[in-house]
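Dropping run14.json in here (JSON, C-alpha atoms):
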[["chain", "number", "residue", "atom", "x", "y", "z"],
["A", 1, "MET", "CA", -4.31, 22.52, -48.44],
["A", 2, "PRO", "CA", -1.07, 24.48, -49.03],
["A", 3, "THR", "CA", -0.79, 27.86, -47.42],
["A", 4, "PRO", "CA", -1.73, 30.45, -50.11],
["A", 5, "ASP", "CA", 0.92, 32.94, -49.04],
["A", 6, "LEU", "CA", 3.64, 30.37, -48.24],
["A", 7, "ASN", "CA", 7.04, 31.90, -48.75],
["A", 8, "VAL", "CA", 10.12, 29.77, -49.34],
["A", 9, "ASP", "CA", 13.01, 31.66, -47.75],
["A", 10, "PHE", "CA", 16.01, 29.92, -49.29],
["A", 11, "LEU", "CA", 17.12, 27.35, -51.85],
["A", 12, "ILE", "CA", 20.32, 25.33, -52.00],
["A", 13, "ILE", "CA", 20.74, 25.16, -55.78],
["A", 14, "GLY", "CA", 23.87, 23.00, -56.06],
["A", 15, "ALA", "CA", 26.28, 21.87, -57.11],
["A", 16, "ALA", "CA", 26.02, 18.08, -57.12],
["A", 17, "LYS", "CA", 28.89, 16.21, -55.41],
["A", 18, "CYS", "CA", 29.83, 19.33, -53.45],
["A", 19, "ALA", "CA", 28.62, 18.24, -49.97],
["A", 20, "THR", "CA", 25.21, 19.87, -50.33],
["A", 21, "THR", "CA", 23.65, 16.90, -48.54],
["A", 22, "TRP", "CA", 25.95, 17.65, -45.60],
["A", 23, "LEU", "CA", 24.75, 21.24, -45.72],
["A", 24, "GLN", "CA", 21.10, 20.18, -45.91],
["A", 25, "GLN", "CA", 21.41, 17.79, -42.97],
["A", 26, "SER", "CA", 23.37, 20.29, -40.88],
["A", 27, "LEU", "CA", 20.68, 22.93, -41.43],
["A", 28, "SER", "CA", 17.87, 20.46, -40.75],
["A", 29, "ALA", "CA", 19.34, 19.76, -37.30],
["A", 30, "ASN", "CA", 18.30, 23.27, -36.25],
["A", 31, "LYS", "CA", 14.75, 23.81, -35.02],
["A", 32, "SER", "CA", 14.68, 27.32, -36.46],
["A", 33, "LEU", "CA", 14.90, 25.88, -39.99],
["A", 34, "TYR", "CA", 12.70, 23.49, -41.96],
["A", 35, "LEU", "CA", 13.77, 21.59, -45.08],
["A", 36, "PRO", "CA", 11.91, 18.64, -46.61],
["A", 37, "GLU", "CA", 14.26, 15.67, -46.76],
["A", 38, "PRO", "CA", 14.02, 14.60, -50.41],
["A", 39, "GLU", "CA", 15.17, 16.84, -53.23],
["A", 40, "LEU", "CA", 11.99, 18.21, -54.79],
["A", 41, "HIS", "CA", 13.48, 19.27, -58.16],
["A", 42, "PHE", "CA", 10.33, 21.32, -58.68],
["A", 43, "PHE", "CA", 11.83, 24.23, -60.65],
["A", 44, "SER", "CA", 13.83, 21.86, -62.84],
["A", 45, "ARG", "CA", 12.08, 18.52, -63.40],
["A", 46, "GLU", "CA", 8.66, 18.74, -61.71],
["A", 47, "TYR", "CA", 7.42, 22.19, -62.69],
["A", 48, "ASP", "CA", 4.41, 20.74, -64.51],
["A", 49, "ARG", "CA", 3.03, 19.61, -61.14],
["A", 50, "GLY", "CA", 2.17, 23.22, -60.35],
["A", 51, "ILE", "CA", 3.02, 25.59, -57.51],
["A", 52, "ALA", "CA", 0.26, 24.18, -55.27],
["A", 53, "TRP", "CA", 1.98, 20.78, -55.29],
["A", 54, "TYR", "CA", 5.29, 22.43, -54.43],
["A", 55, "GLN", "CA", 3.90, 24.39, -51.51],
["A", 56, "ASP", "CA", 2.22, 21.27, -50.19],
["A", 57, "GLN", "CA", 5.65, 19.68, -49.71],
["A", 58, "PHE", "CA", 6.25, 22.12, -46.85],
["A", 59, "SER", "CA", 3.13, 21.15, -44.92],
["A", 60, "GLY", "CA", 5.17, 19.88, -41.95],
["A", 61, "PHE", "CA", 6.80, 23.16, -41.01],
["A", 62, "GLY", "CA", 5.91, 25.00, -37.81],
["A", 63, "ARG", "CA", 5.49, 28.69, -37.17],
["A", 64, "ASP", "CA", 8.35, 31.14, -36.88],
["A", 65, "VAL", "CA", 10.78, 28.97, -38.84],
["A", 66, "THR", "CA", 12.88, 29.69, -41.90],
["A", 67, "ILE", "CA", 11.94, 27.27, -44.67],
["A", 68, "GLY", "CA", 13.92, 26.14, -47.68],
["A", 69, "GLU", "CA", 14.95, 23.14, -49.71],
["A", 70, "LYS", "CA", 17.88, 21.60, -51.57],
["A", 71, "SER", "CA", 17.73, 20.54, -55.22],
["A", 72, "ASN", "CA", 21.06, 20.39, -57.03],
["A", 73, "SER", "CA", 19.40, 20.34, -60.44],
["A", 74, "TYR", "CA", 18.38, 24.00, -60.08],
["A", 75, "LEU", "CA", 21.92, 25.16, -60.81],
["A", 76, "THR", "CA", 22.19, 23.39, -64.16],
["A", 77, "GLU", "CA", 18.59, 23.57, -65.43],
["A", 78, "PRO", "CA", 18.47, 26.54, -67.87],
["A", 79, "GLN", "CA", 14.88, 27.50, -66.96],
["A", 80, "ALA", "CA", 15.18, 27.17, -63.19],
["A", 81, "ALA", "CA", 16.35, 30.72, -62.41],
["A", 82, "ASP", "CA", 13.41, 32.36, -64.22],
["A", 83, "ARG", "CA", 10.92, 29.92, -62.72],
["A", 84, "ILE", "CA", 12.20, 30.56, -59.20],
["A", 85, "ALA", "CA", 12.11, 34.32, -59.70],
["A", 86, "LYS", "CA", 8.52, 34.15, -60.96],
["A", 87, "HIS", "CA", 7.30, 32.69, -57.66],
["A", 88, "TYR", "CA", 9.93, 33.80, -55.13],
["A", 89, "PRO", "CA", 11.79, 36.89, -56.39],
["A", 90, "ASP", "CA", 13.27, 37.60, -52.95],
["A", 91, "VAL", "CA", 14.44, 34.07, -52.16],
["A", 92, "ARG", "CA", 17.96, 33.59, -50.78],
["A", 93, "LEU", "CA", 20.11, 31.28, -52.90],
["A", 94, "ILE", "CA", 23.05, 29.14, -51.78],
["A", 95, "ALA", "CA", 25.55, 27.48, -54.12],
["A", 96, "GLN", "CA", 28.32, 25.29, -52.71],
["A", 97, "LEU", "CA", 31.07, 24.69, -55.28],
["A", 98, "ARG", "CA", 34.07, 22.37, -55.60],
["A", 99, "ASP", "CA", 37.10, 22.20, -57.86],
["A", 100, "PRO", "CA", 35.36, 21.45, -61.20],
["A", 101, "VAL", "CA", 37.76, 18.64, -62.11],
["A", 102, "LYS", "CA", 37.26, 16.87, -58.78],
["A", 103, "ARG", "CA", 33.50, 17.41, -58.92],
["A", 104, "ALA", "CA", 33.24, 15.92, -62.41],
["A", 105, "TYR", "CA", 35.33, 12.90, -61.39],
["A", 106, "SER", "CA", 33.26, 12.38, -58.24],
["A", 107, "ASP", "CA", 30.05, 12.57, -60.27],
["A", 108, "TYR", "CA", 31.45, 10.02, -62.72],
["A", 109, "CYS", "CA", 32.34, 7.67, -59.84],
["A", 110, "MET", "CA", 28.80, 7.98, -58.45],
["A", 111, "LEU", "CA", 27.20, 6.93, -61.74],
["A", 112, "LEU", "CA", 29.77, 4.17, -62.21],
["A", 113, "ARG", "CA", 28.80, 2.89, -58.77],
["A", 114, "ARG", "CA", 25.17, 2.85, -59.93],
["A", 115, "GLY", "CA", 26.07, 1.01, -63.12],
["A", 116, "SER", "CA", 24.97, 3.91, -65.35],
["A", 117, "VAL", "CA", 28.34, 4.50, -67.08],
["A", 118, "SER", "CA", 31.26, 2.38, -68.23],
["A", 119, "THR", "CA", 34.78, 2.10, -66.82],
["A", 120, "ASP", "CA", 36.10, 3.94, -69.90],
["A", 121, "ILE", "CA", 36.85, 7.14, -67.97],
["A", 122, "TRP", "CA", 38.31, 8.94, -71.01],
["A", 123, "ARG", "CA", 35.03, 8.39, -72.86],
["A", 124, "HIS", "CA", 33.11, 10.20, -70.12],
["A", 125, "LEU", "CA", 35.56, 12.91, -68.97],
["A", 126, "ASP", "CA", 37.77, 13.78, -71.96],
["A", 127, "PRO", "CA", 36.65, 17.23, -73.23],
["A", 128, "GLU", "CA", 37.32, 16.10, -76.80],
["A", 129, "LYS", "CA", 34.66, 13.41, -76.41],
["A", 130, "ALA", "CA", 32.30, 14.57, -73.69],
["A", 131, "ALA", "CA", 32.32, 18.37, -73.52],
["A", 132, "ASP", "CA", 28.55, 18.50, -74.00],
["A", 133, "GLU", "CA", 27.71, 15.74, -71.56],
["A", 134, "ARG", "CA", 26.70, 15.79, -67.90],
["A", 135, "PHE", "CA", 29.99, 15.51, -66.05],
["A", 136, "LEU", "CA", 31.77, 18.41, -67.74],
["A", 137, "ILE", "CA", 28.73, 20.63, -68.34],
["A", 138, "ASP", "CA", 27.62, 20.47, -64.71],
["A", 139, "SER", "CA", 31.04, 21.73, -63.56],
["A", 140, "ARG", "CA", 30.73, 24.97, -65.58],
["A", 141, "TYR", "CA", 29.70, 27.01, -62.56],
["A", 142, "GLY", "CA", 30.37, 30.43, -64.08],
["A", 143, "HIS", "CA", 28.08, 29.66, -67.01],
["A", 144, "HIS", "CA", 25.26, 28.41, -64.81],
["A", 145, "LEU", "CA", 25.53, 31.05, -62.09],
["A", 146, "THR", "CA", 25.42, 33.83, -64.66],
["A", 147, "ARG", "CA", 21.73, 33.04, -65.15],
["A", 148, "PHE", "CA", 21.10, 33.58, -61.43],
["A", 149, "ARG", "CA", 23.24, 36.71, -61.28],
["A", 150, "ASN", "CA", 21.26, 38.15, -64.19],
["A", 151, "THR", "CA", 17.94, 37.31, -62.51],
["A", 152, "PHE", "CA", 18.40, 38.01, -58.79],
["A", 153, "PRO", "CA", 20.04, 40.83, -56.81],
["A", 154, "GLU", "CA", 23.71, 40.13, -56.12],
["A", 155, "GLU", "CA", 23.16, 39.96, -52.36],
["A", 156, "ASN", "CA", 20.64, 37.13, -52.75],
["A", 157, "LEU", "CA", 23.30, 34.64, -53.87],
["A", 158, "LEU", "CA", 25.80, 33.11, -51.44],
["A", 159, "ILE", "CA", 28.63, 31.07, -52.99],
["A", 160, "LEU", "CA", 30.40, 28.65, -50.65],
["A", 161, "ASP", "CA", 33.62, 26.68, -50.99],
["A", 162, "PHE", "CA", 33.38, 22.89, -50.63],
["A", 163, "ASP", "CA", 36.82, 22.78, -48.99],
["A", 164, "ASP", "CA", 35.50, 24.75, -46.00],
["A", 165, "VAL", "CA", 33.19, 21.84, -45.11],
["A", 166, "THR", "CA", 36.17, 19.86, -43.80],
["A", 167, "ARG", "CA", 38.40, 22.80, -42.91],
["A", 168, "GLU", "CA", 35.98, 25.12, -41.10],
["A", 169, "PRO", "CA", 32.48, 23.59, -40.92],
["A", 170, "GLU", "CA", 31.29, 25.94, -38.16],
["A", 171, "LYS", "CA", 32.38, 28.97, -40.18],
["A", 172, "GLN", "CA", 30.55, 27.57, -43.21],
["A", 173, "LEU", "CA", 27.30, 27.37, -41.26],
["A", 174, "ARG", "CA", 27.86, 30.80, -39.75],
["A", 175, "ARG", "CA", 28.05, 32.29, -43.24],
["A", 176, "VAL", "CA", 24.78, 30.55, -44.10],
["A", 177, "ALA", "CA", 23.13, 31.89, -40.93],
["A", 178, "ASP", "CA", 24.22, 35.41, -41.78],
["A", 179, "HIS", "CA", 22.95, 35.04, -45.35],
["A", 180, "LEU", "CA", 19.56, 33.81, -44.16],
["A", 181, "GLY", "CA", 19.27, 36.35, -41.38],
["A", 182, "VAL", "CA", 19.01, 33.62, -38.76],
["A", 183, "LYS", "CA", 19.99, 34.85, -35.31],
["A", 184, "GLY", "CA", 22.59, 32.82, -33.46],
["A", 185, "ALA", "CA", 24.89, 30.08, -34.67],
["A", 186, "LEU", "CA", 23.71, 27.08, -36.65],
["A", 187, "HIS", "CA", 25.16, 24.06, -34.91],
["A", 188, "PRO", "CA", 26.29, 21.42, -34.63],
["A", 189, "PRO", "CA", 27.39, 20.58, -38.18],
["A", 190, "VAL", "CA", 27.03, 16.95, -39.22],
["A", 191, "GLN", "CA", 30.28, 15.22, -38.28],
["A", 192, "GLU", "CA", 30.02, 11.84, -39.98],
["A", 193, "ARG", "CA", 30.59, 11.30, -43.68],
["A", 194, "VAL", "CA", 27.22, 11.69, -45.40],
["A", 195, "LYS", "CA", 28.07, 9.65, -48.50],
["A", 196, "ASP", "CA", 31.04, 7.29, -48.89],
["A", 197, "LYS", "CA", 31.96, 6.16, -52.39],
["A", 198, "ASN", "CA", 34.27, 3.53, -50.89],
["A", 199, "ALA", "CA", 31.46, 1.75, -49.05],
["A", 200, "PRO", "CA", 30.71, -1.74, -50.45],
["A", 201, "THR", "CA", 27.76, -1.97, -52.81],
["A", 202, "VAL", "CA", 25.66, -4.77, -54.28],
["A", 203, "PRO", "CA", 27.09, -5.88, -57.67],
["A", 204, "HIS", "CA", 25.13, -4.82, -60.73],
["A", 205, "ARG", "CA", 24.16, -8.37, -61.70],
["A", 206, "PHE", "CA", 22.39, -8.82, -58.37],
["A", 207, "ARG", "CA", 20.73, -5.41, -58.65],
["A", 208, "ARG", "CA", 19.29, -6.31, -62.04],
["A", 209, "ALA", "CA", 18.00, -9.64, -60.73],
["A", 210, "LEU", "CA", 16.41, -8.02, -57.68],
["A", 211, "ALA", "CA", 14.94, -5.04, -59.54],
["A", 212, "PRO", "CA", 11.37, -6.48, -59.68],
["A", 213, "LEU", "CA", 11.48, -6.98, -55.90],
["A", 214, "ARG", "CA", 12.66, -3.44, -55.05],
["A", 215, "PRO", "CA", 9.21, -2.12, -53.98],
["A", 216, "MET", "CA", 9.03, -4.89, -51.39],
["A", 217, "LEU", "CA", 12.71, -4.94, -50.31],
["A", 218, "ASP", "CA", 13.50, -1.21, -50.07],
["A", 219, "PRO", "CA", 11.38, -0.60, -46.92],
["A", 220, "LEU", "CA", 13.19, -3.56, -45.30],
["A", 221, "ARG", "CA", 16.75, -2.79, -46.40],
["A", 222, "ASP", "CA", 17.87, -1.84, -42.87],
["A", 223, "LYS", "CA", 16.20, -4.81, -41.20],
["A", 224, "TRP", "CA", 17.40, -8.37, -40.71],
["A", 225, "PRO", "CA", 17.67, -10.56, -42.78],
["A", 226, "VAL", "CA", 17.69, -8.19, -45.78],
["A", 227, "ARG", "CA", 20.55, -6.18, -44.33],
["A", 228, "ALA", "CA", 22.52, -9.33, -43.49],
["A", 229, "ILE", "CA", 22.14, -10.66, -47.04],
["A", 230, "ARG", "CA", 23.12, -7.31, -48.51],
["A", 231, "ASP", "CA", 26.24, -7.06, -46.34],
["A", 232, "ARG", "CA", 27.24, -10.57, -47.42],
["A", 233, "ILE", "CA", 27.10, -9.92, -51.17],
["A", 234, "ALA", "CA", 28.20, -6.26, -51.24],
["A", 235, "ARG", "CA", 31.66, -5.56, -52.64],
["A", 236, "PRO", "CA", 33.89, -2.46, -52.86],
["A", 237, "VAL", "CA", 33.75, -0.66, -56.21],
["A", 238, "LYS", "CA", 36.97, -0.32, -58.20],
["A", 239, "TYR", "CA", 37.07, 3.15, -59.74],
["A", 240, "PRO", "CA", 39.38, 4.02, -62.64],
["A", 241, "PRO", "CA", 41.96, 6.54, -61.39],
["A", 242, "LEU", "CA", 41.95, 10.06, -62.79],
["A", 243, "HIS", "CA", 45.13, 10.15, -64.87],
["A", 244, "PRO", "CA", 47.14, 13.40, -64.56],
["A", 245, "ASP", "CA", 47.01, 13.92, -68.34],
["A", 246, "LEU", "CA", 43.21, 13.67, -68.32],
["A", 247, "ALA", "CA", 42.96, 15.96, -65.29],
["A", 248, "LYS", "CA", 45.07, 18.59, -67.10],
["A", 249, "LYS", "CA", 42.87, 18.40, -70.20],
["A", 250, "MET", "CA", 39.82, 18.88, -68.01],
["A", 251, "ARG", "CA", 41.35, 21.82, -66.13],
["A", 252, "ASP", "CA", 42.33, 23.52, -69.37],
["A", 253, "HIS", "CA", 38.78, 22.98, -70.60],
["A", 254, "PHE", "CA", 37.34, 24.61, -67.48],
["A", 255, "LEU", "CA", 39.74, 27.57, -67.48],
["A", 256, "PRO", "CA", 37.47, 30.02, -69.40],
["A", 257, "ASP", "CA", 34.57, 29.18, -67.09],
["A", 258, "ILE", "CA", 36.71, 29.57, -63.97],
["A", 259, "GLU", "CA", 37.74, 33.00, -65.21],
["A", 260, "LEU", "CA", 34.07, 33.86, -65.75],
["A", 261, "LEU", "CA", 33.26, 32.78, -62.19],
["A", 262, "GLN", "CA", 36.14, 34.88, -60.84],
["A", 263, "LYS", "CA", 34.53, 38.04, -62.19],
["A", 264, "PHE", "CA", 31.89, 37.90, -59.49],
["A", 265, "GLU", "CA", 33.44, 35.53, -56.92],
["A", 266, "PRO", "CA", 37.26, 35.82, -57.13],
["A", 267, "THR", "CA", 38.15, 33.98, -53.93],
["A", 268, "ILE", "CA", 36.11, 30.83, -54.49],
["A", 269, "SER", "CA", 38.15, 29.56, -57.44],
["A", 270, "ALA", "CA", 41.64, 31.03, -57.13],
["A", 271, "HIS", "CA", 43.10, 27.82, -55.71],
["A", 272, "TRP", "CA", 41.64, 25.72, -58.55],
["A", 273, "LEU", "CA", 43.95, 27.45, -61.01],
["A", 274, "GLY", "CA", 47.01, 26.52, -58.99],
["A", 275, "GLU", "CA", 46.50, 22.84, -59.81],
["A", 276, "ARG", "CA", 46.85, 23.18, -63.57]]
Produce structure tokens that represent the structure in this file.
Amino acid sequence: MPTPDLNVDFLIIGAAKCATTWLQQSLSANKSLYLPEPELHFFSREYDRGIAWYQDQFSGFGRDVTIGEKSNSYLTEPQAADRIAKHYPDVRLIAQLRDPVKRAYSDYCMLLRRGSVSTDIWRHLDPEKAADERFLIDSRYGHHLTRFRNTFPEENLLILDFDDVTREPEKQLRRVADHLGVKGALHPPVQERVKDKNAPTVPHRFRRALAPLRPMLDPLRDKWPVRAIRDRIARPVKYPPLHPDLAKKMRDHFLPDIELLQKFEPTISAHWLGER
């Protein structure tokens, strides 16, 4: 049974394609912290399961540890902030953000890799055609974070810069430790690339053919001969380049939202404006 008075100490709320998996894995390497591995998406997509189900997902944690989880959908789900505050009004929140143009393009490449979108990049990223669709909406950080700023005390929200993951990973984790009140440094940060969009993948025609066999094959994907067969048929994905004209249209589209974000986090986005 879930602990009745279980308290979740922190949530990594996003954004997607901003190295939040790196952050999750780096934090999980520390014994003083506990995070369930999969994204729970409770306050966004699974809220109907009830709070008892959510608390039960933390059944593996030990005593005297700081517990939290990472679900990138919390940032962009309109109801998530109020739902979180209802159950955990004192929770610490962490948002790791990236240049909105680069994040949107990376998100597009991920879904292209999965076969969920077409190679017509202008159809999916041009603000004149797709302003209300996933890739551009999810990069409107100022809009989304305003909900959290209006719901939680200012000191509860830590906003991190994606660029610091490669530039100063230890400093990034030190800021998280300070935010969570964890004594001592959080180390070591994960060194290897967590996700590589250039890694070969199984072509879509094979995926469709193998779809009925997924329940049987997935548990064996890292074992021979399944892995050998996969490596033999996997191919690199060719991504449409982000044309400078399209990137400029996207940056101009994001400008009002970047200015909104700067009102409460001026340093996180200043360098994004320099690439217009």
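Proximity to A:Asp126 at 8 Å, evaluated using all atoms listed in the file and with sequence-adjacent residues fewer than 5 positions away removed, yields Ile121, Ala131, Leu246, Lys249 and Met250 of chain A.
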Keeping only C-alpha atoms, write the selected residues to a file as a compact mmCIF listing (two decimals), in the coordinates of the input.
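Below you can see selection-v3.txt, which holds the result:
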# COMPACT_ATOMS: atom_id res chain seq x y z
CA ILE A 121 36.85 7.14 -67.97
CA ALA A 131 32.32 18.37 -73.52
CA LEU A 246 43.21 13.67 -68.32
CA LYS A 249 42.87 18.40 -70.20
CA MET A 250 39.82 18.88 -68.01
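Within 8 Å of A:Ile159, once all atoms listed in the file are used and residues closer than 5 positions along the same chain are dropped, the contacting residues are A:Ile94, A:Ala95, A:Gln96, A:Leu97, A:Glu265, A:Ile268.
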*Would you mind telling me which residue in A:Lys238, A:Arg92, A:Thr166, A:Gln24 lies nearest to A:Asp178 when using all atoms listed in the file?*
A:Arg92
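Closest approach to A:Arg140 among A:Val101, A:Val91, A:Ile67, A:Leu160 is made by A:Val101 (distances from only C-alpha atoms).
When atom CA of A:Leu273 is paired with atom CA of A:Lys171, their separation reads 23.9 Å.
Nearest residue to A:Gly14 among A:Asp56, A:Glu69, A:Glu46, A:Glu259 is A:Glu69, counting all atoms listed in the file.
Distance annotation: of A:Asp82, A:Lys17, A:Asp9, A:Trp272, the residue with the minimal separation from A:Tyr108 is A:Lys17; atom set is only C-alpha atoms.
Taking atom CA of A:Ala185 as the reference point, atom CA of A:Leu173 is found at 7.5 Å.
When only C-alpha atoms are used to measure the gap to A:Val165, the shortest distance among A:Arg103, A:Lys31, A:Arg113, A:Arg98 belongs to A:Arg98.
Counting all atoms listed in the file and comparing A:Leu125, A:Leu145, A:Leu186, A:Leu157, the residue that lies closest to A:Arg251 is A:Leu125.
Interatomic distance, atom CA of A:Asn72 to atom CA of A:Ala104: 14.0 Å.
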Mind working out the centre and edge lengths of an axis-aligned box for stretch 48-66 of chain A, all listed atoms inside, 3 Å added to each side, rounded to one decimal in Å and written as AutoDock Vina command-line options?
--center_x 6.6 --center_y 25.4 --center_z -50.7 --size_x 18.6 --size_y 17.5 --size_z 33.6
*Mind listing whatever residues come within 10 Å of the point (29.3, 25.9, -65.3)? Use only C-alpha atoms, file coordinates, and give them as a ChimeraX atom specification.*
/A:15,75-76,100,136-146,254,257-258,260-261
_Counting only C-alpha atoms, I want the residues whose atoms come within 12 Å of (9.0, 20.2, -63.1) in the file frame, returned as a ChimeraX atom specification._
/A:40-51,53-54,71,73-74,77,79-80,83-84
*Find the spatial neighbours of A:His124, counting all atoms listed in the file, within a cut-off of 12 Å - ignore same-chain residues fewer than 2 positions away - and output them as a PyMOL selection string.*
chain A and resi 104-105+107-109+111-112+116-122+126-137+240+242+246+250
Can stretch 69-77 of chain A be brought up to all heavy atoms and written out as an mmCIF file, in the frame of the given file?
data_model
loop_
_atom_site.group_PDB
_atom_site.id
_atom_site.type_symbol
_atom_site.label_atom_id
_atom_site.label_comp_id
_atom_site.auth_asym_id
_atom_site.auth_seq_id
_atom_site.Cartn_x
_atom_site.Cartn_y
_atom_site.Cartn_z
ATOM 1 N N GLU A 69 14.756 24.499 -49.198
ATOM 2 C CA GLU A 69 14.950 23.140 -49.710
ATOM 3 C C GLU A 69 16.226 23.095 -50.528
ATOM 4 O O GLU A 69 16.794 24.105 -50.907
ATOM 5 C CB GLU A 69 13.753 22.676 -50.542
ATOM 6 C CG GLU A 69 13.444 23.548 -51.743
ATOM 7 C CD GLU A 69 13.488 22.787 -53.068
ATOM 8 O OE1 GLU A 69 14.127 21.710 -53.134
ATOM 9 O OE2 GLU A 69 12.907 23.301 -54.044
ATOM 10 N N LYS A 70 16.673 21.835 -50.795
ATOM 11 C CA LYS A 70 17.880 21.600 -51.570
ATOM 12 C C LYS A 70 17.563 20.758 -52.791
ATOM 13 O O LYS A 70 17.020 19.665 -52.678
ATOM 14 C CB LYS A 70 18.928 20.903 -50.711
ATOM 15 C CG LYS A 70 20.303 20.785 -51.379
ATOM 16 C CD LYS A 70 20.627 19.435 -51.968
ATOM 17 C CE LYS A 70 20.686 18.288 -51.025
ATOM 18 N NZ LYS A 70 21.244 17.049 -51.707
ATOM 19 N N SER A 71 17.847 21.303 -53.978
ATOM 20 C CA SER A 71 17.730 20.540 -55.220
ATOM 21 C C SER A 71 18.890 20.945 -56.120
ATOM 22 O O SER A 71 18.905 22.047 -56.682
ATOM 23 C CB SER A 71 16.391 20.819 -55.931
ATOM 24 O OG SER A 71 15.288 20.323 -55.188
ATOM 25 N N ASN A 72 19.860 20.054 -56.275
ATOM 26 C CA ASN A 72 21.060 20.390 -57.030
ATOM 27 C C ASN A 72 20.807 20.654 -58.512
ATOM 28 O O ASN A 72 21.610 21.317 -59.173
ATOM 29 C CB ASN A 72 22.094 19.269 -56.888
ATOM 30 C CG ASN A 72 22.711 19.221 -55.505
ATOM 31 O OD1 ASN A 72 22.803 20.242 -54.835
ATOM 32 N ND2 ASN A 72 23.142 18.043 -55.078
ATOM 33 N N SER A 73 19.696 20.154 -59.019
ATOM 34 C CA SER A 73 19.400 20.340 -60.440
ATOM 35 C C SER A 73 19.039 21.779 -60.781
ATOM 36 O O SER A 73 19.040 22.155 -61.954
ATOM 37 C CB SER A 73 18.260 19.411 -60.862
ATOM 38 O OG SER A 73 17.100 19.648 -60.087
ATOM 39 N N TYR A 74 18.735 22.607 -59.785
ATOM 40 C CA TYR A 74 18.380 24.000 -60.080
ATOM 41 C C TYR A 74 19.548 24.757 -60.702
ATOM 42 O O TYR A 74 19.349 25.645 -61.526
ATOM 43 C CB TYR A 74 17.925 24.713 -58.806
ATOM 44 C CG TYR A 74 16.639 24.191 -58.211
ATOM 45 C CD1 TYR A 74 16.269 24.518 -56.911
ATOM 46 C CD2 TYR A 74 15.785 23.367 -58.939
ATOM 47 C CE1 TYR A 74 15.083 24.053 -56.353
ATOM 48 C CE2 TYR A 74 14.611 22.885 -58.395
ATOM 49 C CZ TYR A 74 14.256 23.225 -57.090
ATOM 50 O OH TYR A 74 13.102 22.748 -56.544
ATOM 51 N N LEU A 75 20.761 24.440 -60.283
ATOM 52 C CA LEU A 75 21.920 25.160 -60.810
ATOM 53 C C LEU A 75 22.075 24.948 -62.302
ATOM 54 O O LEU A 75 22.378 25.886 -63.043
ATOM 55 C CB LEU A 75 23.192 24.702 -60.081
ATOM 56 C CG LEU A 75 24.507 25.312 -60.578
ATOM 57 C CD1 LEU A 75 24.529 26.819 -60.341
ATOM 58 C CD2 LEU A 75 25.706 24.642 -59.905
ATOM 59 N N THR A 76 21.867 23.736 -62.769
ATOM 60 C CA THR A 76 22.190 23.390 -64.160
ATOM 61 C C THR A 76 20.988 23.409 -65.101
ATOM 62 O O THR A 76 21.178 23.325 -66.316
ATOM 63 C CB THR A 76 22.847 21.998 -64.204
ATOM 64 O OG1 THR A 76 21.986 21.043 -63.553
ATOM 65 C CG2 THR A 76 24.188 22.028 -63.489
ATOM 66 N N GLU A 77 19.771 23.501 -64.578
ATOM 67 C CA GLU A 77 18.590 23.570 -65.430
ATOM 68 C C GLU A 77 18.433 24.995 -65.979
ATOM 69 O O GLU A 77 18.260 25.950 -65.216
ATOM 70 C CB GLU A 77 17.342 23.182 -64.648
ATOM 71 C CG GLU A 77 16.023 23.537 -65.324
ATOM 72 C CD GLU A 77 15.889 22.956 -66.724
ATOM 73 O OE1 GLU A 77 16.117 21.733 -66.871
ATOM 74 O OE2 GLU A 77 15.574 23.722 -67.655
#
